[in-house]
Amino acid sequence: MYDIPFLDLPPLVGASGTVRLPGSKSISNRVLLLAGLAAGTTVVQDLLDSDDTRVMLDALRALGCGIERDAASPATVRVTGLGGTLRVHEADLFLGNAGTAMRPLVATLAVLATLQGGRFTLRGVPRMHERPIGDLVDALRPLGCRIDDLGQPGYPPLALHGTAGGRLALDAPIRVRGDVSSQFLTALLLALPLAAATRDVVIAVDGELISKPYVEITLNLLARFGIAVRREGWQRFVIPAGSAYATPGAIHVEGDASSASYFVALGAIAAQGGAPLRIEGVGEGSIQGDIRFVDAAEAMGAQVKRGPGWLEVHRGRWPLAPIRLDCTAIPDAAMTLAVMALFATGTSRLDGIASWRVKETDRIAAMAAELTKLGATVVAGADFIEVTPPAGPWRAAAIHTYDDHRMAMCLSLAACQALVPGLAGHAQPVRILDPRCVAKTFPDYFEALFGVVEAADVPVIAIDGPTASGKGTLAAAVAAALGYGLLDSGALYRAAGLAAVDAGISPDDEAAVATLASRLPLRFGQGADAGRTWFEGPFHGRPGREITDELRLESTGLLASRVSALPAVRTALHGLQLSFRRAPGLVADGRDMGTVVFPDAPLKVFLTASAEQRAERRHKQLISKGISANLPALRADLEARDRRDSSRPVAPLKPAEDAKLLDNSELGIEQSVQQVLSWWQERRPFDVS
Ligand code: DC
């Protein structure tokens, strides 16, 4: 997950490979609540791990449900439910910005508090307190539920209370509005089986029900938990007498069809080679309404093959065809169409999207603002949006995401602008502000995206300098701040030196060391293992082993200094170094990153510090590791390495002509990082005023 203030996407020019989707948010939170209400234990497989499911799990835990994550497979969670009886009668629940947690929990706890007694408060982030819930409260109050507005009437936070032995007034049908959000009906459908032990419970919908496919998901999952709701058209729903939640034992969560939309769109725009973009997790037979987004994408040009649990997408018609569509049935995925419209040959219009205004943000206003920033012409109304693509080159835009995961994911597709006919040489990077917001439903969205795209002009920040100048620390900090990958090229020379010793080859045998260097069995740790390195075995008769610590030894540095003076070794490691240049960008540190390996790097920094300072830093470092060291000897060693690194005939250590010089003798690490980031900012095209 990119937990950074912004993420810059380089131009994306192709897509192929396989994406595995995270579990559906809508299914995950409904299943969790149903499992939490049922008796016994439900094993939930492929559960989405995101902000919205985390708040639901926390709420269920606070209510006394058993929640256990499978250690071997963290996407499997065992929920032991309440069996319809409250164990905890007072709780203060924080539900973030998760509508799929807030609405059903309000209904469920209102019913339970009325029948069994209790006091519950439900709150969320400030935006949650602007998302309407009055229609649900209005449906529950006539039943006898006591619900207090703790803030603005009709919006969370709410307090629910009741005394044990209360009754619900169920003689008349429960009336709920269906034309603002279908989540109110869903909430009632999920909660009211609690009141249907001895009598039918009837819910009547006022107004035209929107987002029917989401109600279908609800009915489908209720059926899996033993509750067969009778649906009469889309206006009346009867929960039959005798209903009781029964665990299905195990239940699998489908991949998220709304999340699939970004990759279907990516395939339609960028999968123009032989191989398709394959999406795993949803496909034929999905119970999610947003799967119908695929039909809309096909109408715009995508070529899609479907199978059980998978989709394969190719680019078809290009540029895309504009679309006019009533999107009432696919409100979330419709946002993706608004961004696909940027790649169409004319104006597209999406109708029936009034519900966008009450989602994570006012999505109509947000989408209009950001598409306009890119250069599109947008007309927006109460329930529609019309998008005309930019006439010429797009503008470099820093995209606001409004704490809305879908804004971030949708707008990332703007990075494909280089594929628009005539724009290949004019593509701008796209800056996504607050990329962490994707954690609501798809924490690894950007990692998944970068895993299947081909990028052009991937930026490199080259940081060269003498030994112990602090390049490694600086490079790692800059890479972390930008979400870029990291190449510690010294480690490759160090590994080549170690490998030579393992193989019993003299570090001066140029041809033999070069052969070894061209096939180093290196593996670099990812994620939690970042910074660790292994030799994968068997290698020259030795089993594989972790070499993280060996790489950092002074003796290994000296070996590296010797093998790195051999031209054939440098050539042998060249390709490996280039392969680190991947989206979204790279920070590379070494001796010749700016001069030889990445001469086109848009920012080159030459980092120096006095020999005295460097010797002192190295000394401190060694002492802190419990290794005894002698300061004058270290300094002499450093100076000898400087001389060798700078005087060798190939790729000698020297600043690139266009390098920025940074003497950090007197600077703390944070100041050096800020200096490099501010140079980087100057080279980016975004207006950040
Ligand atoms: O940065 P370091 O101390 O890990 O580098 C170890 C040796 O590798 C150093 O003495 C010079 C050599 N090196 C190089 O020649 N070119 C690079 N790009 C990186 C390191």
# chains A, B, ... in the order shown; residues from 1 in each chain; ligands from 1

$ residues_near_ligand --ligand "ligand 1" --cutoff "9 Å" --atoms "only C-alpha atoms and all ligand atoms" --output "PyMOL selection string"
chain A and resi 464-469+471-472+488-494+551-552+554+556-565+570+588-593+596-597+641-642+644-645+650-653

$ select_by_dssp --residues "range 557-637 of chain A" --states "helix (DSSP H, G or I)" --output "VMD selection string"
chain A and resid 557 to 563 567 to 578 593 to 597 611 to 624 631 to 637

$ residues_around --residues "Lys212 in chain A" --least-positions-apart "6" --cutoff "10 Å" --atoms "only C-alpha atoms" --output "compact mmCIF listing (two decimals) with N, CA and C atoms, in the first residue's frame"
# COMPACT_ATOMS: atom_id res chain seq x y z
N GLY A 178 -36.76 4.03 -1.43
CA GLY A 178 -35.78 3.25 -2.20
C GLY A 178 -35.04 4.07 -3.23
N SER A 181 -30.88 5.56 -1.64
CA SER A 181 -29.84 4.54 -1.53
C SER A 181 -30.53 3.21 -1.28
N SER A 182 -30.11 2.18 -1.97
CA SER A 182 -30.69 0.86 -1.74
C SER A 182 -30.14 0.27 -0.44
N THR A 218 -28.02 -8.87 -1.59
CA THR A 218 -28.52 -9.06 -0.23
C THR A 218 -29.42 -10.30 -0.16
N TRP A 234 -40.36 -5.15 -7.15
CA TRP A 234 -39.31 -4.49 -6.37
C TRP A 234 -39.92 -3.56 -5.34
N GLY A 289 -24.00 -6.97 -9.33
CA GLY A 289 -24.57 -6.19 -10.43
C GLY A 289 -23.50 -5.50 -11.27
N THR A 328 -28.19 3.52 -13.70
CA THR A 328 -28.82 3.24 -12.41
C THR A 328 -28.40 1.87 -11.87
N ALA A 329 -28.20 0.91 -12.76
CA ALA A 329 -27.91 -0.45 -12.30
C ALA A 329 -26.45 -0.65 -11.93
N ILE A 330 -25.56 0.24 -12.37
CA ILE A 330 -24.13 0.04 -12.08
C ILE A 330 -23.50 1.33 -11.55

$ closest_residue --among "A:Ile27, A:Leu93, A:Val478, A:Leu576" --to "Thr53 in chain A" --atoms "only C-alpha atoms"
A:Ile27

$ closest_residue --among "A:Glu657, A:Asp383, A:Asp332, A:Asp46" --to "Arg406 in chain A" --atoms "only C-alpha atoms"
A:Asp332

$ residues_around --residues "Thr247 in chain A" --least-positions-apart "2" --cutoff "6 Å" --atoms "only C-alpha atoms" --output "list in words"
Ala38, Thr42, Phe225 and Gly249 of chain A

$ residues_around --residues "Gln621 in chain A" --least-positions-apart "6" --cutoff "12 Å" --atoms "only C-alpha atoms" --output "ChimeraX atom specification"
/A:468,470,552-554,614-615,627-629,631,634

$ residues_around --residues "Tyr402 in chain A" --least-positions-apart "6" --cutoff "10 Å" --atoms "only C-alpha atoms" --output "PDB file with N, CA and C atoms, in the first residue's frame"
ATOM      1  N   ARG A 127     -16.892  12.715   6.989  1.00  0.00           N
ATOM      2  CA  ARG A 127     -17.698  12.519   5.773  1.00  0.00           C
ATOM      3  C   ARG A 127     -18.870  11.578   6.056  1.00  0.00           C
ATOM      4  N   GLU A 360     -18.928   8.318  -0.997  1.00  0.00           N
ATOM      5  CA  GLU A 360     -17.761   8.711  -0.204  1.00  0.00           C
ATOM      6  C   GLU A 360     -17.495  10.215  -0.308  1.00  0.00           C
ATOM      7  N   THR A 361     -17.791  10.773  -1.494  1.00  0.00           N
ATOM      8  CA  THR A 361     -17.758  12.215  -1.668  1.00  0.00           C
ATOM      9  C   THR A 361     -18.878  12.526  -2.653  1.00  0.00           C
ATOM     10  N   ASP A 362     -19.079  13.799  -3.007  1.00  0.00           N
ATOM     11  CA  ASP A 362     -20.013  14.104  -4.084  1.00  0.00           C
ATOM     12  C   ASP A 362     -19.291  13.748  -5.380  1.00  0.00           C
ATOM     13  N   ARG A 363     -19.547  12.549  -5.850  1.00  0.00           N
ATOM     14  CA  ARG A 363     -18.735  12.012  -6.951  1.00  0.00           C
ATOM     15  C   ARG A 363     -18.988  12.727  -8.274  1.00  0.00           C
ATOM     16  N   ALA A 366     -16.816  15.809  -7.930  1.00  0.00           N
ATOM     17  CA  ALA A 366     -15.403  15.421  -7.894  1.00  0.00           C
ATOM     18  C   ALA A 366     -14.932  14.993  -9.284  1.00  0.00           C
ATOM     19  N   ALA A 408      -9.505   7.595  -6.934  1.00  0.00           N
ATOM     20  CA  ALA A 408      -8.080   7.282  -7.141  1.00  0.00           C
ATOM     21  C   ALA A 408      -7.906   6.207  -8.209  1.00  0.00           C
ATOM     22  N   LEU A 433      -3.131  12.231  -5.674  1.00  0.00           N
ATOM     23  CA  LEU A 433      -2.937  12.708  -4.303  1.00  0.00           C
ATOM     24  C   LEU A 433      -3.595  11.731  -3.321  1.00  0.00           C
ATOM     25  N   ASP A 434      -2.972  11.544  -2.185  1.00  0.00           N
ATOM     26  CA  ASP A 434      -3.471  10.639  -1.148  1.00  0.00           C
ATOM     27  C   ASP A 434      -3.845   9.254  -1.701  1.00  0.00           C
ATOM     28  N   CYS A 437      -6.037   6.205  -0.097  1.00  0.00           N
ATOM     29  CA  CYS A 437      -7.492   6.049   0.022  1.00  0.00           C
ATOM     30  C   CYS A 437      -7.998   4.770  -0.642  1.00  0.00           C
TER      31      CYS A 437
END

$ atom_distance --atom1 "CA of Pro11 in chain A" --atom2 "CA of Phe686 in chain A"
14.4 Å

$ residues_around --residues "Leu474 in chain A" --least-positions-apart "4" --cutoff "10 Å" --atoms "only C-alpha atoms" --output "PyMOL selection string"
chain A and resi 463+469-470+478-480+587+589+607+669-674+676

$ atom_distance --atom1 "CA of Ser50 in chain A" --atom2 "CA of Leu337 in chain A"
24.1 Å

$ decode --residues "range 124-135 of chain A" --atoms "all heavy atoms" --output "PDB file, in the first residue's frame"
ATOM      1  N   GLY A 124     -18.688   7.788  12.743  1.00  0.00           N
ATOM      2  CA  GLY A 124     -17.697   7.529  11.699  1.00  0.00           C
ATOM      3  C   GLY A 124     -16.824   8.741  11.492  1.00  0.00           C
ATOM      4  O   GLY A 124     -16.747   9.629  12.350  1.00  0.00           O
ATOM      5  N   VAL A 125     -16.155   8.791  10.360  1.00  0.00           N
ATOM      6  CA  VAL A 125     -15.309   9.944  10.020  1.00  0.00           C
ATOM      7  C   VAL A 125     -16.245  11.111   9.663  1.00  0.00           C
ATOM      8  O   VAL A 125     -17.447  10.900   9.435  1.00  0.00           O
ATOM      9  CB  VAL A 125     -14.363   9.629   8.837  1.00  0.00           C
ATOM     10  CG1 VAL A 125     -13.391   8.510   9.196  1.00  0.00           C
ATOM     11  CG2 VAL A 125     -15.145   9.260   7.585  1.00  0.00           C
ATOM     12  N   PRO A 126     -15.712  12.352   9.603  1.00  0.00           N
ATOM     13  CA  PRO A 126     -16.596  13.491   9.316  1.00  0.00           C
ATOM     14  C   PRO A 126     -17.459  13.299   8.063  1.00  0.00           C
ATOM     15  O   PRO A 126     -18.646  13.629   8.053  1.00  0.00           O
ATOM     16  CB  PRO A 126     -15.611  14.649   9.149  1.00  0.00           C
ATOM     17  CG  PRO A 126     -14.449  14.271  10.022  1.00  0.00           C
ATOM     18  CD  PRO A 126     -14.354  12.777   9.942  1.00  0.00           C
ATOM     19  N   ARG A 127     -16.892  12.715   6.989  1.00  0.00           N
ATOM     20  CA  ARG A 127     -17.698  12.519   5.773  1.00  0.00           C
ATOM     21  C   ARG A 127     -18.870  11.578   6.056  1.00  0.00           C
ATOM     22  O   ARG A 127     -19.953  11.746   5.519  1.00  0.00           O
ATOM     23  CB  ARG A 127     -16.829  11.964   4.638  1.00  0.00           C
ATOM     24  CG  ARG A 127     -17.595  11.533   3.387  1.00  0.00           C
ATOM     25  CD  ARG A 127     -18.299  12.690   2.688  1.00  0.00           C
ATOM     26  NE  ARG A 127     -19.177  12.225   1.601  1.00  0.00           N
ATOM     27  CZ  ARG A 127     -20.090  12.972   1.014  1.00  0.00           C
ATOM     28  NH1 ARG A 127     -20.257  14.225   1.362  1.00  0.00           N
ATOM     29  NH2 ARG A 127     -20.854  12.486   0.048  1.00  0.00           N
ATOM     30  N   MET A 128     -18.676  10.592   6.888  1.00  0.00           N
ATOM     31  CA  MET A 128     -19.771   9.679   7.230  1.00  0.00           C
ATOM     32  C   MET A 128     -20.915  10.455   7.872  1.00  0.00           C
ATOM     33  O   MET A 128     -22.091  10.128   7.674  1.00  0.00           O
ATOM     34  CB  MET A 128     -19.240   8.602   8.181  1.00  0.00           C
ATOM     35  CG  MET A 128     -20.243   7.558   8.542  1.00  0.00           C
ATOM     36  SD  MET A 128     -21.010   6.879   7.068  1.00  0.00           S
ATOM     37  CE  MET A 128     -20.677   5.231   7.223  1.00  0.00           C
ATOM     38  N   HIS A 129     -20.567  11.501   8.598  1.00  0.00           N
ATOM     39  CA  HIS A 129     -21.597  12.301   9.269  1.00  0.00           C
ATOM     40  C   HIS A 129     -22.298  13.251   8.304  1.00  0.00           C
ATOM     41  O   HIS A 129     -23.204  13.974   8.698  1.00  0.00           O
ATOM     42  CB  HIS A 129     -20.975  13.068  10.451  1.00  0.00           C
ATOM     43  CG  HIS A 129     -20.398  12.143  11.493  1.00  0.00           C
ATOM     44  ND1 HIS A 129     -19.630  12.570  12.539  1.00  0.00           N
ATOM     45  CD2 HIS A 129     -20.492  10.789  11.630  1.00  0.00           C
ATOM     46  CE1 HIS A 129     -19.268  11.527  13.278  1.00  0.00           C
ATOM     47  NE2 HIS A 129     -19.774  10.436  12.738  1.00  0.00           N
ATOM     48  N   GLU A 130     -21.874  13.225   7.031  1.00  0.00           N
ATOM     49  CA  GLU A 130     -22.587  14.004   6.000  1.00  0.00           C
ATOM     50  C   GLU A 130     -23.365  13.099   5.064  1.00  0.00           C
ATOM     51  O   GLU A 130     -23.943  13.551   4.094  1.00  0.00           O
ATOM     52  CB  GLU A 130     -21.573  14.781   5.133  1.00  0.00           C
ATOM     53  CG  GLU A 130     -20.780  15.832   5.880  1.00  0.00           C
ATOM     54  CD  GLU A 130     -19.612  16.361   5.032  1.00  0.00           C
ATOM     55  OE1 GLU A 130     -19.487  15.978   3.840  1.00  0.00           O
ATOM     56  OE2 GLU A 130     -18.838  17.146   5.563  1.00  0.00           O
ATOM     57  N   ARG A 131     -23.285  11.787   5.308  1.00  0.00           N
ATOM     58  CA  ARG A 131     -23.977  10.852   4.404  1.00  0.00           C
ATOM     59  C   ARG A 131     -25.332  10.508   5.016  1.00  0.00           C
ATOM     60  O   ARG A 131     -25.412  10.013   6.137  1.00  0.00           O
ATOM     61  CB  ARG A 131     -23.115   9.607   4.170  1.00  0.00           C
ATOM     62  CG  ARG A 131     -21.807   9.961   3.471  1.00  0.00           C
ATOM     63  CD  ARG A 131     -20.899   8.767   3.295  1.00  0.00           C
ATOM     64  NE  ARG A 131     -21.477   7.760   2.406  1.00  0.00           N
ATOM     65  CZ  ARG A 131     -20.913   6.578   2.170  1.00  0.00           C
ATOM     66  NH1 ARG A 131     -19.776   6.271   2.750  1.00  0.00           N
ATOM     67  NH2 ARG A 131     -21.495   5.724   1.361  1.00  0.00           N
ATOM     68  N   PRO A 132     -26.421  10.737   4.256  1.00  0.00           N
ATOM     69  CA  PRO A 132     -27.756  10.635   4.840  1.00  0.00           C
ATOM     70  C   PRO A 132     -28.104   9.236   5.339  1.00  0.00           C
ATOM     71  O   PRO A 132     -27.714   8.240   4.743  1.00  0.00           O
ATOM     72  CB  PRO A 132     -28.678  11.026   3.682  1.00  0.00           C
ATOM     73  CG  PRO A 132     -27.865  10.942   2.441  1.00  0.00           C
ATOM     74  CD  PRO A 132     -26.435  11.128   2.839  1.00  0.00           C
ATOM     75  N   ILE A 133     -28.834   9.207   6.441  1.00  0.00           N
ATOM     76  CA  ILE A 133     -29.331   7.929   6.956  1.00  0.00           C
ATOM     77  C   ILE A 133     -30.768   8.116   7.458  1.00  0.00           C
ATOM     78  O   ILE A 133     -31.395   7.196   7.982  1.00  0.00           O
ATOM     79  CB  ILE A 133     -28.378   7.393   8.061  1.00  0.00           C
ATOM     80  CG1 ILE A 133     -28.611   5.909   8.296  1.00  0.00           C
ATOM     81  CG2 ILE A 133     -28.529   8.193   9.374  1.00  0.00           C
ATOM     82  CD1 ILE A 133     -27.498   5.216   9.011  1.00  0.00           C
ATOM     83  N   GLY A 134     -31.311   9.339   7.239  1.00  0.00           N
ATOM     84  CA  GLY A 134     -32.643   9.682   7.742  1.00  0.00           C
ATOM     85  C   GLY A 134     -33.734   8.740   7.252  1.00  0.00           C
ATOM     86  O   GLY A 134     -34.639   8.380   8.016  1.00  0.00           O
ATOM     87  N   ASP A 135     -33.656   8.301   5.997  1.00  0.00           N
ATOM     88  CA  ASP A 135     -34.709   7.417   5.481  1.00  0.00           C
ATOM     89  C   ASP A 135     -34.746   6.095   6.233  1.00  0.00           C
ATOM     90  O   ASP A 135     -35.817   5.506   6.426  1.00  0.00           O
ATOM     91  CB  ASP A 135     -34.495   7.155   3.976  1.00  0.00           C
ATOM     92  CG  ASP A 135     -34.743   8.417   3.152  1.00  0.00           C
ATOM     93  OD1 ASP A 135     -35.511   9.284   3.614  1.00  0.00           O
ATOM     94  OD2 ASP A 135     -34.154   8.536   2.057  1.00  0.00           O
TER      95      ASP A 135
END
